[in-house]
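Next comes upload12.csv, with CSV, C-alpha atoms and all ligand atoms.
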chain,number,residue,atom,x,y,z
A,1,MET,CA,0.0,0.0,0.0
A,2,ARG,CA,2.7,2.4,1.0
A,3,VAL,CA,4.7,1.8,-2.2
A,4,VAL,CA,1.6,2.5,-4.2
A,5,GLY,CA,1.0,5.8,-2.2
A,6,ARG,CA,4.6,6.9,-2.9
A,7,GLN,CA,4.4,6.1,-6.5
A,8,LYS,CA,1.2,8.2,-6.7
A,9,ALA,CA,3.1,11.0,-5.0
A,10,ILE,CA,6.0,10.7,-7.5
A,11,ILE,CA,3.6,10.7,-10.4
A,12,PHE,CA,1.7,13.7,-9.0
A,13,PHE,CA,4.9,15.8,-8.6
A,14,LEU,CA,6.2,14.8,-12.0
A,15,ALA,CA,2.8,15.7,-13.6
A,16,LEU,CA,2.9,19.0,-11.6
A,17,GLY,CA,6.4,19.8,-12.8
A,18,ILE,CA,5.5,19.0,-16.5
A,19,CYS,CA,2.3,21.1,-16.3
A,20,LEU,CA,4.2,24.0,-14.8
A,21,VAL,CA,6.9,23.8,-17.5
A,22,ALA,CA,4.1,23.7,-20.2
A,23,LEU,CA,2.4,26.7,-18.7
A,24,ALA,CA,5.6,28.7,-18.5
A,25,VAL,CA,6.3,27.8,-22.2
A,26,ALA,CA,2.8,28.9,-23.3
A,27,LEU,CA,3.0,32.2,-21.3
A,28,ASN,CA,6.4,33.0,-22.6
A,29,VAL,CA,5.6,32.2,-26.3
A,30,GLY,CA,2.4,34.4,-26.0
A,31,TRP,CA,4.3,37.1,-24.4
A,32,ILE,CA,7.0,37.1,-27.1
A,33,LEU,CA,4.4,37.2,-29.8
A,34,LEU,CA,2.8,40.3,-28.1
A,35,SER,CA,6.0,42.2,-27.6
A,36,LEU,CA,8.0,41.3,-30.7
A,37,GLN,CA,9.1,44.9,-31.2
A,38,GLU,CA,10.6,45.5,-27.8
A,39,ALA,CA,13.9,43.6,-28.2
A,40,ALA,CA,15.2,44.5,-24.7
A,41,VAL,CA,12.1,43.3,-23.0
A,42,LEU,CA,12.3,40.2,-25.2
A,43,VAL,CA,15.9,39.4,-24.0
A,44,PHE,CA,14.9,40.0,-20.4
A,45,GLY,CA,11.9,37.8,-20.9
A,46,ILE,CA,14.0,34.9,-22.3
A,47,VAL,CA,16.5,35.1,-19.5
A,48,PHE,CA,13.7,35.1,-17.0
A,49,PHE,CA,12.0,32.2,-18.7
A,50,ALA,CA,15.2,30.2,-18.7
A,51,LEU,CA,15.5,30.8,-14.9
A,52,ILE,CA,11.9,29.8,-14.2
A,53,ILE,CA,12.3,26.6,-16.3
A,54,THR,CA,15.7,25.7,-14.5
A,55,GLY,CA,14.1,26.3,-11.2
A,56,LEU,CA,11.1,24.1,-12.0
A,57,VAL,CA,13.3,21.3,-13.3
A,58,LEU,CA,15.6,21.5,-10.2
A,59,ASN,CA,12.5,21.5,-8.0
A,60,THR,CA,11.1,18.4,-9.6
A,61,ILE,CA,14.4,16.5,-9.5
A,62,PHE,CA,14.8,17.5,-5.8
A,63,LEU,CA,11.3,16.3,-4.9
A,64,VAL,CA,11.7,12.9,-6.7
A,65,ARG,CA,15.1,12.4,-5.0
A,66,GLU,CA,13.7,13.2,-1.6
A,67,ILE,CA,10.8,10.8,-2.1
A,68,ARG,CA,13.3,8.0,-3.2
A,69,ARG,CA,15.5,8.7,-0.2
A,70,ASN,CA,12.6,8.4,2.2
A,71,GLU,CA,11.5,5.2,0.5
A,72,GLN,CA,15.0,3.7,1.0
A,73,HIS,CA,15.1,4.8,4.7
A,74,ASP,CA,11.7,3.2,5.3
A,75,ALA,CA,12.8,0.0,3.5
A,76,PHE,CA,16.0,0.0,5.6
A,77,LEU,CA,14.1,0.5,8.9
A,78,ASN,CA,11.8,-2.4,7.9
A,79,ALA,CA,14.7,-4.6,7.0
A,80,VAL,CA,16.6,-3.9,10.2
A,81,THR,CA,13.5,-4.3,12.4
A,82,HIS,CA,12.9,-7.6,10.7
A,83,GLU,CA,16.5,-8.7,11.0
A,84,LEU,CA,16.4,-7.9,14.8
A,85,LYS,CA,13.0,-9.3,15.5
A,86,THR,CA,13.2,-12.7,13.7
A,87,PRO,CA,16.2,-14.1,15.5
A,88,ILE,CA,15.0,-12.8,18.9
A,89,ALA,CA,11.6,-14.4,18.4
A,90,SER,CA,13.2,-17.6,17.4
A,91,ILE,CA,15.6,-17.7,20.4
A,92,ARG,CA,12.7,-17.0,22.7
A,93,LEU,CA,10.7,-19.8,21.2
A,94,TYR,CA,13.5,-22.3,21.7
A,95,LEU,CA,14.1,-21.1,25.3
A,96,GLU,CA,10.4,-21.4,26.1
A,97,THR,CA,10.4,-25.0,24.7
A,98,LEU,CA,13.5,-25.9,26.8
A,99,GLN,CA,11.9,-24.4,29.9
A,100,THR,CA,8.4,-26.0,29.6
A,101,ARG,CA,9.1,-29.4,27.9
A,102,GLU,CA,11.2,-32.4,28.4
A,103,VAL,CA,13.5,-32.7,25.3
A,104,THR,CA,16.0,-35.4,24.4
A,105,GLU,CA,19.7,-34.7,24.5
A,106,ASP,CA,19.9,-34.6,20.7
A,107,LYS,CA,17.1,-32.1,20.4
A,108,ARG,CA,18.6,-30.0,23.1
A,109,ARG,CA,21.9,-29.8,21.2
A,110,GLU,CA,20.1,-29.0,18.0
A,111,PHE,CA,18.2,-26.1,19.8
A,112,TYR,CA,21.5,-24.7,21.1
A,113,LYS,CA,22.9,-24.8,17.6
A,114,VAL,CA,19.9,-22.9,16.1
A,115,MET,CA,20.0,-20.4,19.0
A,116,LEU,CA,23.8,-19.8,18.4
A,117,ALA,CA,23.1,-19.3,14.6
A,118,ASP,CA,20.3,-16.8,15.5
A,119,SER,CA,22.5,-14.9,17.9
A,120,ASP,CA,25.2,-14.7,15.2
A,121,ARG,CA,22.7,-13.2,12.8
A,122,LEU,CA,21.6,-10.7,15.4
A,123,LEU,CA,25.2,-9.7,16.1
A,124,ASN,CA,25.9,-9.4,12.4
A,125,THR,CA,23.0,-7.0,11.9
A,126,VAL,CA,24.0,-4.9,14.9
A,127,GLU,CA,27.7,-4.8,13.8
A,128,GLN,CA,26.7,-3.7,10.3
A,129,VAL,CA,24.6,-0.8,11.6
A,130,LEU,CA,27.4,0.3,14.0
A,131,GLN,CA,30.1,-0.1,11.3
A,132,ALA,CA,28.1,1.9,8.8
A,133,SER,CA,27.8,4.9,11.2
A,134,SER,CA,31.5,4.6,12.3
A,135,THR,CA,32.8,4.5,8.7
A,136,ARG,CA,31.0,7.8,8.1
A,137,GLU,CA,32.6,9.4,11.1
A,138,ARG,CA,36.3,8.4,10.8
A,139,ASN,CA,38.3,8.2,7.6
A,140,ARG,CA,41.6,6.8,8.9
A,141,LEU,CA,42.8,3.4,9.8
A,142,LEU,CA,43.4,2.6,13.5
A,143,ASN,CA,45.1,-0.8,13.8
A,144,ILE,CA,47.5,-1.2,10.9
A,145,SER,CA,49.6,-4.3,10.6
A,146,GLU,CA,51.2,-6.5,7.9
A,147,ILE,CA,48.6,-9.0,6.6
A,148,GLU,CA,49.1,-12.1,4.5
A,149,LEU,CA,46.1,-12.0,2.2
A,150,GLY,CA,46.0,-15.7,1.4
A,151,LYS,CA,45.6,-16.5,5.1
A,152,LEU,CA,43.0,-13.8,5.7
A,153,LEU,CA,40.9,-15.0,2.8
A,154,ARG,CA,41.1,-18.6,4.0
A,155,ASP,CA,39.9,-17.5,7.4
A,156,CYS,CA,37.0,-15.6,5.9
A,157,ILE,CA,36.0,-18.6,3.7
A,158,GLU,CA,36.0,-20.9,6.7
A,159,ARG,CA,33.8,-18.4,8.6
A,160,VAL,CA,31.2,-18.2,5.8
A,161,ASN,CA,31.4,-22.0,5.3
A,162,THR,CA,30.5,-22.5,9.0
A,163,ARG,CA,27.8,-19.7,8.9
A,164,TYR,CA,25.9,-21.3,6.0
A,165,ASN,CA,26.9,-24.9,6.7
A,166,LEU,CA,28.3,-25.3,3.2
A,167,ASP,CA,30.2,-28.3,1.9
A,168,GLU,CA,33.9,-28.0,1.3
A,169,ASN,CA,33.7,-27.5,-2.5
A,170,ALA,CA,31.1,-24.7,-2.4
A,171,ILE,CA,33.7,-22.0,-2.2
A,172,SER,CA,37.0,-22.7,-4.0
A,173,PHE,CA,40.2,-20.7,-3.5
A,174,THR,CA,43.1,-20.2,-5.8
A,175,ASN,CA,46.2,-18.7,-4.4
A,176,PRO,CA,49.6,-17.8,-6.1
A,177,ALA,CA,52.7,-19.7,-5.0
A,178,ASP,CA,54.2,-16.5,-3.4
A,179,GLU,CA,52.7,-14.9,-0.4
A,180,ILE,CA,51.0,-11.5,-1.1
A,181,LYS,CA,51.2,-9.1,1.8
A,182,ILE,CA,49.4,-5.8,2.3
A,183,SER,CA,49.3,-3.3,5.1
A,184,GLY,CA,46.0,-2.7,6.7
A,185,ASP,CA,43.4,-3.2,9.5
A,186,LYS,CA,42.9,-6.9,9.8
A,187,ALA,CA,39.4,-6.7,11.4
A,188,GLU,CA,38.2,-4.3,8.8
A,189,LEU,CA,39.5,-6.3,5.9
A,190,GLN,CA,38.0,-9.4,7.4
A,191,SER,CA,34.7,-7.6,7.4
A,192,VAL,CA,35.2,-6.7,3.7
A,193,PHE,CA,35.8,-10.3,2.5
A,194,THR,CA,33.2,-11.9,4.8
A,195,ASN,CA,30.6,-9.4,3.5
A,196,LEU,CA,31.5,-10.1,-0.2
A,197,LEU,CA,31.5,-13.9,0.4
A,198,ASP,CA,28.3,-13.7,2.4
A,199,ASN,CA,26.6,-11.9,-0.5
A,200,ALA,CA,28.0,-14.4,-3.0
A,201,VAL,CA,26.4,-17.2,-1.1
A,202,LYS,CA,23.2,-15.3,-0.2
A,203,TYR,CA,22.5,-14.3,-3.8
A,204,SER,CA,23.5,-17.7,-5.3
A,205,GLY,CA,20.2,-19.4,-4.8
A,206,LYS,CA,20.2,-23.2,-4.1
A,207,GLU,CA,23.5,-24.2,-5.8
A,208,VAL,CA,26.4,-22.3,-4.3
A,209,LYS,CA,29.5,-22.3,-6.5
A,210,VAL,CA,31.8,-19.4,-5.6
A,211,LEU,CA,35.4,-18.9,-6.9
A,212,VAL,CA,37.8,-16.8,-4.9
A,213,ARG,CA,41.1,-15.9,-6.7
A,214,LEU,CA,44.0,-14.0,-5.3
A,215,LYS,CA,46.7,-12.7,-7.7
A,216,THR,CA,49.0,-9.9,-8.4
A,217,GLY,CA,47.2,-7.4,-10.7
A,218,ALA,CA,48.4,-4.5,-12.9
A,219,GLY,CA,50.7,-2.0,-11.2
A,220,ARG,CA,51.8,-4.6,-8.6
A,221,LYS,CA,48.5,-4.4,-6.8
A,222,ALA,CA,47.0,-7.3,-5.0
A,223,GLU,CA,43.8,-8.4,-6.7
A,224,ILE,CA,41.0,-10.5,-5.3
A,225,HIS,CA,38.2,-11.8,-7.4
A,226,ILE,CA,35.0,-13.2,-5.8
A,227,LYS,CA,32.9,-14.8,-8.5
A,228,ASP,CA,29.5,-16.5,-8.1
A,229,ASN,CA,27.0,-18.1,-10.4
A,230,GLY,CA,24.0,-16.6,-8.7
A,231,ILE,CA,21.2,-14.2,-9.6
A,232,GLY,CA,23.5,-11.6,-11.2
A,233,ILE,CA,23.0,-7.9,-11.4
A,234,ALA,CA,21.2,-5.9,-14.2
A,235,PRO,CA,23.6,-3.4,-15.9
A,236,ASN,CA,21.5,-0.4,-14.8
A,237,GLU,CA,21.8,-1.5,-11.1
A,238,LEU,CA,25.6,-1.9,-11.1
A,239,LYS,CA,26.3,1.8,-10.3
A,240,HIS,CA,23.8,1.9,-7.4
A,241,ILE,CA,24.6,-1.2,-5.3
A,242,PHE,CA,27.4,0.4,-3.3
A,243,ARG,CA,25.1,3.2,-2.0
A,244,ARG,CA,24.0,3.2,1.6
A,245,PHE,CA,20.7,1.4,2.2
A,246,TYR,CA,20.4,0.4,-1.5
A,247,ARG,CA,18.9,-3.0,-2.3
A,248,VAL,CA,18.2,-4.1,-5.9
A,249,PRO,CA,14.4,-3.9,-6.2
A,250,ASN,CA,13.7,-7.2,-7.9
A,251,LEU,CA,12.0,-10.2,-6.4
A,252,SER,CA,14.9,-12.7,-6.5
A,253,ALA,CA,17.2,-10.1,-4.8
A,254,GLN,CA,14.6,-9.2,-2.2
A,255,LYS,CA,14.1,-12.9,-1.2
A,256,ALA,CA,17.5,-12.8,0.5
A,257,LYS,CA,17.5,-10.9,3.8
A,258,GLY,CA,19.7,-7.8,4.2
A,259,THR,CA,19.9,-4.2,5.1
A,260,GLY,CA,21.6,-2.6,2.1
A,261,LEU,CA,24.6,-1.7,4.2
A,262,GLY,CA,27.1,-4.4,3.4
A,263,LEU,CA,28.6,-3.1,0.1
A,264,TYR,CA,28.6,0.5,1.4
A,265,ILE,CA,30.7,-0.6,4.4
A,266,VAL,CA,32.9,-2.7,2.0
A,267,ARG,CA,33.6,0.2,-0.3
A,268,SER,CA,34.3,2.7,2.6
A,269,ILE,CA,36.9,0.3,4.1
A,270,ILE,CA,38.6,-0.4,0.8
A,271,LYS,CA,38.8,3.4,0.1
A,272,LYS,CA,40.5,3.9,3.5
A,273,HIS,CA,43.1,1.3,2.4
A,274,SER,CA,43.7,3.3,-0.8
A,275,GLY,CA,42.1,0.4,-2.8
A,276,LYS,CA,39.4,0.0,-5.4
A,277,ILE,CA,36.4,-2.2,-5.8
A,278,PHE,CA,34.6,-3.1,-9.1
A,279,VAL,CA,31.7,-5.3,-10.0
A,280,ARG,CA,31.1,-7.1,-13.3
A,281,SER,CA,28.0,-9.1,-14.2
A,282,GLY,CA,26.6,-10.5,-17.4
A,283,GLY,CA,23.1,-9.4,-16.2
A,284,GLU,CA,20.2,-11.1,-14.3
A,285,GLY,CA,20.7,-14.8,-13.7
A,286,LYS,CA,24.3,-14.6,-15.0
A,287,GLY,CA,26.3,-14.4,-11.8
A,288,SER,CA,28.5,-11.6,-10.4
A,289,ASN,CA,32.2,-11.0,-10.0
A,290,PHE,CA,33.5,-8.5,-7.4
A,291,ILE,CA,37.1,-7.4,-7.9
A,292,VAL,CA,39.0,-5.8,-5.1
A,293,GLN,CA,42.4,-4.1,-5.7
A,294,LEU,CA,44.7,-3.2,-2.8
A,295,PRO,CA,48.2,-1.8,-2.7
A,296,LYS,CA,50.8,-4.5,-2.0
A,297,ILE,CA,53.7,-4.0,0.5
A,298,VAL,CA,56.6,-3.1,-1.8
A,299,ASN,CA,59.0,-5.9,-0.8
A,300,SER,CA,56.4,-8.6,-1.1
A,301,LYS,CA,56.8,-10.5,-4.5
B,1,LIG,P1,22.3,-6.5,1.5
B,1,LIG,O1,22.2,-6.4,2.9
B,1,LIG,O2,21.0,-6.1,0.8
B,1,LIG,O3,22.9,-7.7,0.9
B,1,LIG,P2,24.6,-5.1,0.3
B,1,LIG,O4,25.0,-3.7,0.4
B,1,LIG,O5,25.5,-6.1,0.7
B,1,LIG,O6,23.2,-5.2,1.0
B,1,LIG,O7,24.2,-5.3,-1.3
B,1,LIG,C1,23.4,-4.4,-1.9
B,1,LIG,C2,22.6,-5.0,-3.0
B,1,LIG,O8,23.4,-5.5,-4.1
B,1,LIG,C3,21.9,-6.3,-2.6
B,1,LIG,O9,20.6,-6.0,-2.0
B,1,LIG,C4,21.8,-7.1,-3.8
B,1,LIG,O10,20.6,-6.8,-4.5
B,1,LIG,C5,23.0,-6.7,-4.6
B,1,LIG,N1,24.1,-7.7,-4.5
B,1,LIG,C6,25.2,-7.7,-3.7
B,1,LIG,N2,26.0,-8.7,-3.9
B,1,LIG,C7,25.4,-9.4,-4.9
B,1,LIG,C8,25.8,-10.7,-5.6
B,1,LIG,N3,26.9,-11.3,-5.3
B,1,LIG,N4,24.9,-11.1,-6.5
B,1,LIG,C9,23.8,-10.4,-6.9
B,1,LIG,N5,23.4,-9.3,-6.3
B,1,LIG,C10,24.2,-8.8,-5.3
Let me see the structure of the file written as structure tokens.
Amino acid sequence: MRVVGRQKAIIFFLALGICLVALAVALNVGWILLSLQEAAVLVFGIVFFALIITGLVLNTIFLVREIRRNEQHDAFLNAVTHELKTPIASIRLYLETLQTREVTEDKRREFYKVMLADSDRLLNTVEQVLQASSTRERNRLLNISEIELGKLLRDCIERVNTRYNLDENAISFTNPADEIKISGDKAELQSVFTNLLDNAVKYSGKEVKVLVRLKTGAGRKAEIHIKDNGIGIAPNELKHIFRRFYRVPNLSAQKAKGTGLGLYIVRSIIKKHSGKIFVRSGGEGKGSNFIVQLPKIVNSK
């Protein structure tokens, strides 16, 4: 219902803008015809007309943007509330069952496992929200150390494997013979690759096949490719997905839970490390490939 209401508002303001532009054009043309002889007044009128039109166009663009932003904030609040409420409700249900019923040892263990997974999900959402606001506040790195990228990537893969209970071949990793080292904040870089791997799995549908490749790229940069065979990204969405709160508005993307903060956090952290991130996709249903470039430590091969 709300989406329909907003769309009506967008249509109303667009129609209003277009009507005002048409009215201004009609007024101006009539006025020019009436005062053809008075050249000075004509020039003045044209300038004035251009100003009115520019103002109207800017006004309409501003209104549409504001409506879109509000829409995204609402969607974000809904997503976060959902992401907070669902695991809490689930943990509560399991605790109530444990409190009120006799359950076998196996069931008890299973309940604990589900509750742990739910609390991980909860923690993940809270961390994302906190991280998104802290990346906005500070632009420098705090805990810099020398990091071996191969090891860091293997740790992140293991983490995501455990989180989604994946079999060993779901995420494959190719690593060059030589170690690639970079200088950076380990916790933040872990969050980058866990987020990208998490997305690759989340947007893969049923069959998860993710390829992670680490190599030395152009200009002696470390390059990490995270490629999936999932739902893919339409060409017109590629430039939007790194924005705060943005989630691709199609059904298959919306099926996966999320807040639209992950890639925003990822890009902010990579920027702080003087790196770059790109995404390539053949389009919807054709998988995605996220490529991260980070400056290598000079003496690493
Ligand atoms: P979310 O919490 O929604 O996953 P992100 O910022 O991580 O937020 O991603 C933004 C949007 O980009 C997602 O909602 C999804 O539509 C799209 N996206 C991100 N990663 C992938 C991927 N690997 N495959 C397809 N779409 C993706």
- [ ] Excluding Gly230 in chain A and any residue of its chain fewer than 6 positions from it, enumerate the residues within 12 Å of it, using only C-alpha atoms, and give them as an MDAnalysis selection string.
- [x] chainID A and resid 199:211 252:253 256 281:289
May I have the residues from that selection written out with C-alpha atoms, as a PDB file, in the frame of the given file?
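Below is the file again-v5.pdb, written as the result:
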ATOM      1  CA  ASN A 199      26.600 -11.900  -0.500  1.00  0.00           C
ATOM      2  CA  ALA A 200      28.000 -14.400  -3.000  1.00  0.00           C
ATOM      3  CA  VAL A 201      26.400 -17.200  -1.100  1.00  0.00           C
ATOM      4  CA  LYS A 202      23.200 -15.300  -0.200  1.00  0.00           C
ATOM      5  CA  TYR A 203      22.500 -14.300  -3.800  1.00  0.00           C
ATOM      6  CA  SER A 204      23.500 -17.700  -5.300  1.00  0.00           C
ATOM      7  CA  GLY A 205      20.200 -19.400  -4.800  1.00  0.00           C
ATOM      8  CA  LYS A 206      20.200 -23.200  -4.100  1.00  0.00           C
ATOM      9  CA  GLU A 207      23.500 -24.200  -5.800  1.00  0.00           C
ATOM     10  CA  VAL A 208      26.400 -22.300  -4.300  1.00  0.00           C
ATOM     11  CA  LYS A 209      29.500 -22.300  -6.500  1.00  0.00           C
ATOM     12  CA  VAL A 210      31.800 -19.400  -5.600  1.00  0.00           C
ATOM     13  CA  LEU A 211      35.400 -18.900  -6.900  1.00  0.00           C
ATOM     14  CA  SER A 252      14.900 -12.700  -6.500  1.00  0.00           C
ATOM     15  CA  ALA A 253      17.200 -10.100  -4.800  1.00  0.00           C
ATOM     16  CA  ALA A 256      17.500 -12.800   0.500  1.00  0.00           C
ATOM     17  CA  SER A 281      28.000  -9.100 -14.200  1.00  0.00           C
ATOM     18  CA  GLY A 282      26.600 -10.500 -17.400  1.00  0.00           C
ATOM     19  CA  GLY A 283      23.100  -9.400 -16.200  1.00  0.00           C
ATOM     20  CA  GLU A 284      20.200 -11.100 -14.300  1.00  0.00           C
ATOM     21  CA  GLY A 285      20.700 -14.800 -13.700  1.00  0.00           C
ATOM     22  CA  LYS A 286      24.300 -14.600 -15.000  1.00  0.00           C
ATOM     23  CA  GLY A 287      26.300 -14.400 -11.800  1.00  0.00           C
ATOM     24  CA  SER A 288      28.500 -11.600 -10.400  1.00  0.00           C
ATOM     25  CA  ASN A 289      32.200 -11.000 -10.000  1.00  0.00           C
TER      26      ASN A 289
END
Task: Straight-line distance linking atom C1 of ligand LIG 1 (chain B) with CA of Asn250 in chain A, stated in Å to one decimal - done: 11.7 Å
Name the residues in contact with Asn78 in chain A at a cut-off of 12 Å, using only C-alpha atoms, excluding same-chain residues fewer than 4 positions from it; report them as a tab-separated table (two decimals) with C-alpha atoms, keeping the file's coordinate frame.
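around-v9.tsv written:
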chain	number	residue	atom	x	y	z
A	71	GLU	CA	11.50	5.20	0.50
A	72	GLN	CA	15.00	3.70	1.00
A	73	HIS	CA	15.10	4.80	4.70
A	74	ASP	CA	11.70	3.20	5.30
A	82	HIS	CA	12.90	-7.60	10.70
A	83	GLU	CA	16.50	-8.70	11.00
A	84	LEU	CA	16.40	-7.90	14.80
A	85	LYS	CA	13.00	-9.30	15.50
A	86	THR	CA	13.20	-12.70	13.70
A	245	PHE	CA	20.70	1.40	2.20
A	257	LYS	CA	17.50	-10.90	3.80
A	258	GLY	CA	19.70	-7.80	4.20
A	259	THR	CA	19.90	-4.20	5.10
A	260	GLY	CA	21.60	-2.60	2.10
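Counting only C-alpha atoms and all ligand atoms, the residue from A:Ile291, A:Ala218, A:Leu197, A:Met115 that sits nearest to ligand LIG 1 (chain B) is A:Leu197.
The shortest atom-to-atom distance to Gly184 in chain A, with all atoms listed in the file taken into account, belongs to A:Leu149 out of A:Leu123, A:Leu93, A:Leu149, A:Ala40.
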Open item on the list: Taking all atoms listed in the file into account, name the residue in A:Ile88, A:Val279, A:Leu77, A:Leu261 that is nearest to ligand LIG 1 (chain B).
Closed with: A:Leu261
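Between ligand LIG 1 (chain B) and the residues A:Val57, A:Ile91, A:Leu153, A:Val80, the shortest atom-to-atom distance, using all atoms listed in the file, involves A:Val80.
Distance-wise, CA of Gln7 in chain A and CA of Ile67 in chain A end up 9.1 Å apart.
Among A:Tyr112, A:Lys181, A:Arg244, A:Asn195, the residue with the shortest atom-to-atom distance to Thr97 in chain A, counting all atoms listed in the file, is A:Tyr112.
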Please tabulate, as CSV, the residues of range 96-157 of chain A that come within 9 Å of range 187-193 of chain A, each with its closest pair of atoms and the distance in Å to one decimal, counting all atoms listed in the file and ordering rows by chain, then residue number upward.
residue,atom,partner,partner_atom,distance
A:Asn143,CA,A:Ala187,CA,8.5
A:Leu152,CA,A:Gln190,CA,6.9
A:Leu153,CA,A:Phe193,CA,6.9
A:Asp155,CA,A:Gln190,CA,8.3
A:Cys156,CA,A:Phe193,CA,6.4
A:Ile157,CA,A:Phe193,CA,8.4
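For the residues A:Val25, A:Ile144, A:Phe76, A:Thr81, ranking by smallest atom-to-atom distance to ligand LIG 1 (chain B) using only C-alpha atoms and all ligand atoms places A:Phe76 first.
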- [ ] Considering all atoms listed in the file, return as JSON, numbers by chain whatever protein or nucleic-acid residues lie within 7 Å of Thr174 in chain A, sequence-local ones (same chain, fewer than 6 positions apart) excluded.
- [x] {"A": [212, 213, 214]}
- [ ] Take CA of Ala234 in chain A and atom N3 of ligand LIG 1 (chain B) and report the distance between them in Å, one decimal.
- [x] 11.9 Å
Incomplete range 78-91 of chain A brought to N, CA, C and O atoms, written out as an mmCIF file, keeping the file's coordinate frame:
data_model
loop_
_atom_site.group_PDB
_atom_site.id
_atom_site.type_symbol
_atom_site.label_atom_id
_atom_site.label_comp_id
_atom_site.auth_asym_id
_atom_site.auth_seq_id
_atom_site.Cartn_x
_atom_site.Cartn_y
_atom_site.Cartn_z
ATOM 1 N N ASN A 78 12.538 -1.123 7.935
ATOM 2 C CA ASN A 78 11.800 -2.400 7.900
ATOM 3 C C ASN A 78 12.730 -3.581 7.933
ATOM 4 O O ASN A 78 12.521 -4.534 8.682
ATOM 5 N N ALA A 79 13.783 -3.503 7.083
ATOM 6 C CA ALA A 79 14.700 -4.600 7.000
ATOM 7 C C ALA A 79 15.426 -4.842 8.330
ATOM 8 O O ALA A 79 15.539 -5.974 8.810
ATOM 9 N N VAL A 80 15.905 -3.734 8.945
ATOM 10 C CA VAL A 80 16.600 -3.900 10.200
ATOM 11 C C VAL A 80 15.692 -4.410 11.305
ATOM 12 O O VAL A 80 16.050 -5.317 12.055
ATOM 13 N N THR A 81 14.478 -3.870 11.366
ATOM 14 C CA THR A 81 13.500 -4.300 12.400
ATOM 15 C C THR A 81 13.293 -5.842 12.197
ATOM 16 O O THR A 81 13.305 -6.600 13.163
ATOM 17 N N HIS A 82 13.118 -6.229 10.939
ATOM 18 C CA HIS A 82 12.900 -7.600 10.700
ATOM 19 C C HIS A 82 14.093 -8.479 11.079
ATOM 20 O O HIS A 82 13.957 -9.502 11.747
ATOM 21 N N GLU A 83 15.281 -7.989 10.712
ATOM 22 C CA GLU A 83 16.500 -8.700 11.000
ATOM 23 C C GLU A 83 16.759 -8.812 12.526
ATOM 24 O O GLU A 83 17.468 -9.681 12.998
ATOM 25 N N LEU A 84 16.227 -7.854 13.307
ATOM 26 C CA LEU A 84 16.400 -7.900 14.800
ATOM 27 C C LEU A 84 15.309 -8.768 15.401
ATOM 28 O O LEU A 84 15.572 -9.541 16.312
ATOM 29 N N LYS A 85 14.083 -8.612 14.887
ATOM 30 C CA LYS A 85 13.000 -9.300 15.500
ATOM 31 C C LYS A 85 12.980 -10.815 15.289
ATOM 32 O O LYS A 85 12.737 -11.582 16.226
ATOM 33 N N THR A 86 13.290 -11.223 14.051
ATOM 34 C CA THR A 86 13.200 -12.700 13.700
ATOM 35 C C THR A 86 14.073 -13.531 14.597
ATOM 36 O O THR A 86 13.582 -14.472 15.220
ATOM 37 N N PRO A 87 15.398 -13.232 14.696
ATOM 38 C CA PRO A 87 16.200 -14.100 15.500
ATOM 39 C C PRO A 87 15.828 -14.056 17.024
ATOM 40 O O PRO A 87 15.854 -15.073 17.702
ATOM 41 N N ILE A 88 15.402 -12.863 17.508
ATOM 42 C CA ILE A 88 15.000 -12.800 18.900
ATOM 43 C C ILE A 88 13.783 -13.664 19.167
ATOM 44 O O ILE A 88 13.732 -14.429 20.132
ATOM 45 N N ALA A 89 12.800 -13.571 18.254
ATOM 46 C CA ALA A 89 11.600 -14.400 18.400
ATOM 47 C C ALA A 89 11.936 -15.864 18.381
ATOM 48 O O ALA A 89 11.413 -16.655 19.175
ATOM 49 N N SER A 90 12.867 -16.227 17.484
ATOM 50 C CA SER A 90 13.200 -17.600 17.400
ATOM 51 C C SER A 90 13.944 -18.125 18.636
ATOM 52 O O SER A 90 13.605 -19.171 19.183
ATOM 53 N N ILE A 91 14.897 -17.323 19.149
ATOM 54 C CA ILE A 91 15.600 -17.700 20.400
ATOM 55 C C ILE A 91 14.637 -17.875 21.523
ATOM 56 O O ILE A 91 14.677 -18.839 22.295
#
